[in-house]
Amino acid sequence: MLTKLLFCFLIVTIIPLLSLGALSYYQSAKVINSQFGKYGENAVAQLEQQMSSYLNRMNQTTETVYSYLLDPARVDLGDQVPTTYKEIMDKNDFEVLLKALKTDRTTGIYIITSSGYYYGENNLDVSKLSHIPAWQSMSEANKGKYWLGFYAQNHGMKETDDSGMTVLGLAVPINNPYGALRGSKILIEENAEDLLHMFRLFENDTKAHLRIADPSGRIIYETAAAFTPQTSDIVWNKTLAANQWTIEARLPAQSFYRSSSIIRSNTIMVAVASCLLAFGLAYLFSTRLTARIRRLKDAMQKVSFGKLHTRTPVEAKDELGILDTSFNNMVGGIQTLISEVESSERLKKEAELKAFHYQINPHLLFNTLNSIQWKARLQGAEDIRQMLYHLTMVLEGNLDISQELIPLGRELRMIEHFLKIQEIRYGPVFEYELACDKMLERYLIPRMTLQPLFENIFFHGFEDGEGVIRLTVRDEGTYLRLTLSDNGAGIPAEKLNQLLRPSEKKRKGRGGLGVQNADQKFKLHFGLQHGLTVQSIQGEGTTIIIEWPKKEESPHGNNQDH
């Protein structure tokens with residue numbers, strides 16, 4: 001009887017165990033390979049999107065300069081040092097335009113004439129342009145845009161061959177016979193350090209070989225490590241629409257399937273160990289503990305099918321009793337973990353949907369605002385120009401979705417621009433008091449969390465913008481404590497009780513979706529125990545308190561806890 005029971009127990013235990021292991025390996029390997037392939041495609045797509053952003057911005061800058069030079073009023077711009085008053089004023093106006101076109105990533109905008117004279121900032125040594133390899137290979141026959149690729153910006157007056165940051169360059173010949181400076185070249189250079197950092201992150205994360213080439217086969221960028229292409233390599237490709245550069249990432253098949261190979265080895269080891277353990281348990285305890293083991297096995301199967309409310313009764317304090325207790329604790333822990341994951345995923349999904357809903361084209365918006373700002377300046381409307389400038393700075397910070405956590409100092413600067421807009425709008429009728437140690441500005445805060453709170457103060461708390469706003473940030477050891485208070489209209493008690501409830505939709509009055517979204521951002525990034533505390537007395541004002549743990553950005557772009 002014991003032999004039969006042992007044989008049956010082994011059949012019942014080993015066959016499902018091996019089948020489950022084989023099925024688990026197949027499904028896990030399939031999912032991992034698919035996810036890794038999608039991850040590679042998405043990573044290359046992000047590189048393509050980031051590079052396209054650089055190239056399109058540089059294209060737009062050259063088109064603006066080219067259009068300016070086609071204006072008949074600019075025909076007096078010459079290729080020699082200006083000598084008359086009008087020539088000097090034309091030069092100054094042109095260089096003001098070039099300076100206005102620069103962004104925080106632009107390192108230089110120059111117009112280099114055939115005589116060697118140039119327009120732009122006085123930091124260029126034209127004789128050193130030959131240090132740029134692509135500049136040497138650019139012949140006079142080139143009539144269109146010529147992308148110089150990546151190179152060190154070592155053509156300044158005080159720079160040596162070994163100095164200078166890495167930039168991305170674009171040269172555009174001026175060939176229109178009716179415009180000014182015919183035969184000259186427009187040179188645009190942008191800081192490419194962030195772009196190269198993304199390349200290195202991609203290479204470290206995927207272990208793939210990255211190669212960027214132009215349509216003629218010229219290598220623009222390639223991973224430094226030696227690499228021999230194979231027909232079995234996994235290849236991800238993208239083509240840039242702006243200049244037809246191709247991005248190719250190659251990953252050896254062995255590296256691509258390494259994770260599934262590890263899963264296979266571990267599955268075999270686990271299967272062998274499980275079979276041996278099953279044999280030993282069946283031999284030792286089959287006669288007197290079969291019923292309890294079967295009950296525990298059945299409970300485990302139920303949990304594997306998703307019935308997480310399953311529990312096993314603990315009949316004794318022996319090893320099986322401890323196993324029953326551990327099993328019950330494990331299932332309870334899994335239930336709690338799944339609940340927390342579901343809550344976190346719901347918050348992330350809501351944040352993604354809201355971000356997608358409010359997403360706009362930042363390049364079109366910034367170019368339009370800059371054009372309006374330029375026209376306002378030309379027409380002498382200084383108030384309008386100032387408001388557009390501060391609005392552009394606020395939008396530039398809010399629409400930069402590349403970082404969800406930004407330094408506190410950057411968020412405070414966005415608030416200063418926002419307050420400048422309100423000052424132009426209402427006049428100097430409100431007071432703003434800020435108390436924040438400079439050392440605290442390096443710590444991270446969720447992007448665009450303070451501005452909605454300030455908007456609520458002006459739109460719901462103050463009447464015609466009049467009032468006092470106090471913002472205090474204090475160091476509380478391992479966390480920061482931010483207090484935002486105003487002496488505005490306050491919030492009615494019935495609305496205050498429902499202010500941060502996610503179930504409340506289309507809330508009217510002060511502290512609507514802006515306060516709720518800010519609360520959800522802190523909970524999403526720092527845990528459900530963190531968020532906003534709102535205190536308000538109607539007619540006396542409102543105080544918002546936020547506490548969150550210290551984090552700061554490492555030199556490599558990662559967040560570090562304190």
# chains A, B, ... in the order shown; residues from 1 in each chain; ligands from 1
call {"tool": "select_by_dssp", "arguments": {"residues": "stretch 240-345 of chain A", "states": "alpha helix (DSSP H)", "output": "number ranges by chain"}}
result
A: 253-256, 258-304, 319-345
call {"tool": "residues_around", "arguments": {"residues": "A:Lys207", "least_positions_apart": "2", "cutoff": "10 Å", "atoms": "only C-alpha atoms", "output": "list in words"}}
result
Arg200, Leu201, Phe202, Glu203, Asn204, Asp205, His209, Leu210, Ala249, Arg250, Leu251, Pro252, Ser255 and Phe256 of chain A
call {"tool": "write_last_selection", "arguments": {"atoms": "N, CA, C and O atoms", "output": "tab-separated table (two decimals), in the first residue's frame"}}
result
chain	number	residue	atom	x	y	z
A	200	ARG	N	24.67	56.98	-24.35
A	200	ARG	CA	25.43	56.12	-23.45
A	200	ARG	C	24.50	55.35	-22.50
A	200	ARG	O	24.75	54.17	-22.19
A	201	LEU	N	23.44	56.01	-22.06
A	201	LEU	CA	22.47	55.30	-21.22
A	201	LEU	C	21.84	54.15	-21.99
A	201	LEU	O	21.64	53.05	-21.45
A	202	PHE	N	21.49	54.40	-23.26
A	202	PHE	CA	20.90	53.35	-24.08
A	202	PHE	C	21.88	52.18	-24.23
A	202	PHE	O	21.49	51.01	-24.11
A	203	GLU	N	23.15	52.49	-24.50
A	203	GLU	CA	24.15	51.44	-24.68
A	203	GLU	C	24.35	50.63	-23.40
A	203	GLU	O	24.48	49.40	-23.44
A	204	ASN	N	24.36	51.33	-22.25
A	204	ASN	CA	24.56	50.61	-20.98
A	204	ASN	C	23.34	49.76	-20.62
A	204	ASN	O	23.48	48.66	-20.08
A	205	ASP	N	22.14	50.28	-20.90
A	205	ASP	CA	20.92	49.55	-20.52
A	205	ASP	C	20.69	48.33	-21.40
A	205	ASP	O	20.31	47.26	-20.90
A	209	HIS	N	24.88	47.82	-29.78
A	209	HIS	CA	25.84	48.65	-30.51
A	209	HIS	C	25.05	49.68	-31.31
A	209	HIS	O	24.25	49.33	-32.18
A	210	LEU	N	25.28	50.96	-31.03
A	210	LEU	CA	24.52	52.05	-31.65
A	210	LEU	C	25.34	52.67	-32.77
A	210	LEU	O	26.54	52.94	-32.60
A	249	ALA	N	20.54	50.11	-34.06
A	249	ALA	CA	21.01	49.48	-32.83
A	249	ALA	C	21.01	47.96	-33.04
A	249	ALA	O	19.99	47.38	-33.38
A	250	ARG	N	22.17	47.36	-32.85
A	250	ARG	CA	22.32	45.92	-33.07
A	250	ARG	C	22.68	45.25	-31.74
A	250	ARG	O	23.57	45.70	-31.02
A	251	LEU	N	21.99	44.17	-31.46
A	251	LEU	CA	22.22	43.40	-30.24
A	251	LEU	C	22.43	41.94	-30.62
A	251	LEU	O	21.59	41.35	-31.30
A	252	PRO	N	23.56	41.33	-30.22
A	252	PRO	CA	23.78	39.92	-30.54
A	252	PRO	C	22.65	39.06	-29.99
A	252	PRO	O	22.11	39.31	-28.91
A	255	SER	N	23.01	37.74	-26.45
A	255	SER	CA	22.67	38.69	-25.38
A	255	SER	C	21.17	38.88	-25.27
A	255	SER	O	20.63	39.03	-24.16
A	256	PHE	N	20.50	38.90	-26.42
A	256	PHE	CA	19.05	39.11	-26.42
A	256	PHE	C	18.33	37.99	-25.68
A	256	PHE	O	17.38	38.23	-24.92
call {"tool": "residues_around", "arguments": {"residues": "A:Leu419", "least_positions_apart": "5", "cutoff": "9 Å", "atoms": "only C-alpha atoms", "output": "number ranges by chain"}}
result
A: 390, 414, 424, 432, 454
call {"tool": "residues_around", "arguments": {"residues": "stretch 78-95 of chain A", "least_positions_apart": "3", "cutoff": "6 Å", "atoms": "only C-alpha atoms", "output": "list in words"}}
result
Leu98, Thr113, Tyr117 and Gly120 of chain A
call {"tool": "atom_distance", "arguments": {"atom1": "atom CA of A:Lys38", "atom2": "atom CA of A:Met269"}}
result
29.1 Å
call {"tool": "closest_residue", "arguments": {"among": "A:Ala100, A:Leu471, A:Gln498, A:Gln516", "to": "A:Thr543", "atoms": "only C-alpha atoms"}}
result
A:Leu471
call {"tool": "closest_residue", "arguments": {"among": "A:Val75, A:Ile421, A:Val235, A:Leu412", "to": "A:Tyr389", "atoms": "only C-alpha atoms"}}
result
A:Ile421
